[in-house]
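Notes follow once the structure below has been shown.
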Amino acid sequence: MKKIHALLLFLSFSAISYSQVILSLDDDTAYIDSIVNYTKNVKSDSLKSLNSFRLAKLFLMVQDTRNYKEYLKQGNRLKTKFPFVKDAALYYNAYNFIEKGDLNGYEKALLEANEKLKKYRYKEAYRLRAIVLQNYGIIQQHKNNENAYMRLLVNEAIPIAKKSGDYELISGLSKAVAIIFMNNNEREKASEYLDQAQKYIESTTKKSATLAESKMETYIINAENLVELKHFYDAKSILDKAFEILKEYPESNLNDSYFYSEGIYYAKQNKHNEALISFDKGIQSSAKHKNLVALNRLKFAEYEVLFKLKNYDKAKSNVEYLIENTPFIVDKKNYYKELSKVYNATKEYSKAYYYSNKYNVINDSLNDAKLKNEIVELEAKYKKAESEKKISLLQSENEKAVLQVNNNRLNSMLFAVLSFLLFLTVLFLWSWNNYQKKLSFQKEVNHKQELDVLENEKKLSISNALIQGEEIERKRIARDLHDGLGSMLSGLKMHLNIADREKENNPNINEMLNDSIKELRNISQNLMPESLMKLGLEHALKDLCVSHSNPETTIELQYLIKKSSVPEHFKVTIFRIIQELLNNALKYAKASEILVSCSQNKDVYYITVEDNGVGFNVRHAEKREGMGLRNIKNRVAFLNGKLEMDSVIGKGTSTYIELKN
């Protein structure tokens, strides 16, 4: 992508919080020309309109205003007969608000577009909704509400993007989540999403104007995160992939960030000279591209290496440059602190004190400003609440007055009629009441007896089922102890007797002891997982999914419960339910993939287990109902929950469980 307007592309495609520079690698003129030719020749007005909107966005990205307006106008002219295109146009026309500098209008247009597109089940509708939600989330991020942005990405944008089948889009959204974690120094979590982003972008076959840049950027960011995790071998492997592509494009501004990642790769391993060479290349590249964000990152990274090498003059020069060129007061504050460190190292204590004092002054000022902002915000909220309360009170009084007038009129009209009917009604009710009392009493006695019988039968059924389940579990434990641990210990005893007679050490004894201990741990884990007691339900379920995964079946866990005060017996029951469902799926489904999902809405917990196995006839299974399914049903019933099972032969099985705490 050659020339791209930074703000527009950032709000349209980018999910990266620390870099708003538009990346360029290859020339996409041929790609854009192919869409232009297709749009000219296609006969369908709906396709012509939709492609006109796409071209308008592409020309807007390359700052071709004339073509942008021409194709936007053509798309709007042809959209009128097609509901989906009309609703999609809300998103494409939203850029007009950005041109006017009206971000509030842009935000409202995005929300309206998302609401309108919800009713469609097309892949293109899912793709547009995912982009709309991403752009809306970026606006929330710029309002310092990064948590809202994260929730939008994980709970809405990424699941919707997966329905669209657009791997580049899924990769970009996963990368956005990873960068939020990186910004908050949660590198391990970031690594999971970056691995997903790289997997999807490498699987993308559909050509787009941003594919090459997205792939290269994913490599560079993943390598940088791996360096911070000190996974140097993996980081070098990805850097080599990036270099093989970038060496063909020496003028690309992707070199700015590549040389930063390469530099910190060397710096973290104390290869200072190699790091300085990489940083110098990156500084030259970012200066040429006027990429001030990358230039400042590279200058600071170079400063850290120079400070370690005690090259204080050059280190001081870098910090002075950063103080002069940074637009952010928070960054300038931190640079004052670094400059104080340099002067302290050179024993220029008066200057060290001077810059340390400047750091403290700005730091105190920022804290005071933050406190004042919080006070102002609280006051505004209080005034708003008071105003709303007064308005609500006035509205209530007006409604009450109108209602009183209407009631008076109605009462006057009905009084005469009701007076006559009242006498007849009282007479009828008196005689009817005597009869109903006798009948109601007898019905109540009969109904209570029926309820008692049903409740006792249900309790007895659940108790019998639980007893049978516990009996089967005891037999399994006895079998594991007898066949597994018992046989191991018997063998160990024989080896000890032989060793005692022959007066020599048998190296197999330690191995047999280790195997016996492992077997005992496995039995203990099945009885009551240690991770459930010590680390909680999420870790126990992760361990369960990992332990049950095998080369033929991959089990994925989606645990969406943030914080929850779940009783211990509740956790154990949830764990046993999922354990039983996984055992059934592994035993009968012949699935290659199993998805386990746990979520919570207030005091209701939702469990979903889905597989892509052979499926089965649910009605037939419920009639014969084996012990595994019966145990699951009884555990759910024990917690007053709901269970639904949906299975299609040849396509797989989905189990949905709802439990109330």
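Chain lettering (A, B, ...) mirrors the order of the structure tokens, residue numbering begins at 1 for each chain separately, and ligand numbering begins at 1 in order of display.
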Near-segment 50-60 of chain A list (9 Å; only C-alpha atoms; drop same-chain fewer than 4 positions) as a VMD selection string:
chain A and resid 4 to 5 8 to 9 32 35 to 36 38 to 39 45 to 46 64 to 76 78 to 79 85 88 to 89 92 to 93 95 209
Contacts of segment 593-603 of chain A at 8 Å (only C-alpha atoms; same-chain gap of 5+ positions) as number ranges by chain:
A: 553-561, 608-613, 660-661
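Residues with any atom within 9 Å of Leu295 of chain A, counting only C-alpha atoms and excluding same-chain neighbours fewer than 4 positions away, are Asp256, Gly282, Ile283, Gln284, Ser285, Ser286, Ala287, Lys290, Asn291, Lys299 and Phe300 of chain A.
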Take the residues that were just selected and, keeping N, CA and C atoms, output them as a short mmCIF file (atom, residue, chain, number, x, y, z; two decimals), in the first residue's frame.
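Okay, out-v1.cif is ready:
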```
data_model
loop_
_atom_site.label_atom_id
_atom_site.label_comp_id
_atom_site.auth_asym_id
_atom_site.auth_seq_id
_atom_site.Cartn_x
_atom_site.Cartn_y
_atom_site.Cartn_z
N ASP A 256 11.37 -0.12 9.87
CA ASP A 256 11.47 0.64 11.12
C ASP A 256 11.24 -0.26 12.33
N GLY A 282 17.51 0.98 12.09
CA GLY A 282 16.12 1.35 12.31
C GLY A 282 15.94 2.85 12.43
N ILE A 283 16.88 3.53 13.11
CA ILE A 283 16.80 4.99 13.27
C ILE A 283 16.88 5.68 11.91
N GLN A 284 17.81 5.21 11.06
CA GLN A 284 17.93 5.79 9.72
C GLN A 284 16.65 5.56 8.91
N SER A 285 16.10 4.35 9.00
CA SER A 285 14.89 4.03 8.23
C SER A 285 13.70 4.86 8.71
N SER A 286 13.48 4.94 10.03
CA SER A 286 12.33 5.68 10.55
C SER A 286 12.47 7.18 10.34
N ALA A 287 13.71 7.69 10.36
CA ALA A 287 13.92 9.12 10.07
C ALA A 287 13.57 9.41 8.61
N LYS A 290 9.94 9.49 8.29
CA LYS A 290 9.32 10.45 9.21
C LYS A 290 8.35 9.74 10.17
N ASN A 291 8.76 8.54 10.58
CA ASN A 291 7.98 7.73 11.51
C ASN A 291 8.44 8.07 12.93
N LYS A 299 15.35 5.25 19.52
CA LYS A 299 16.29 6.10 20.25
C LYS A 299 16.39 5.69 21.72
N PHE A 300 15.23 5.38 22.33
CA PHE A 300 15.25 5.00 23.73
C PHE A 300 15.89 3.63 23.93
#
```
Given only C-alpha atoms as the basis, pick out the residue of A:Phe243, A:Tyr303, A:Tyr349, A:Phe575 nearest to Glu538 of chain A.
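So, comparing all the options, the nearest one is A:Phe575.
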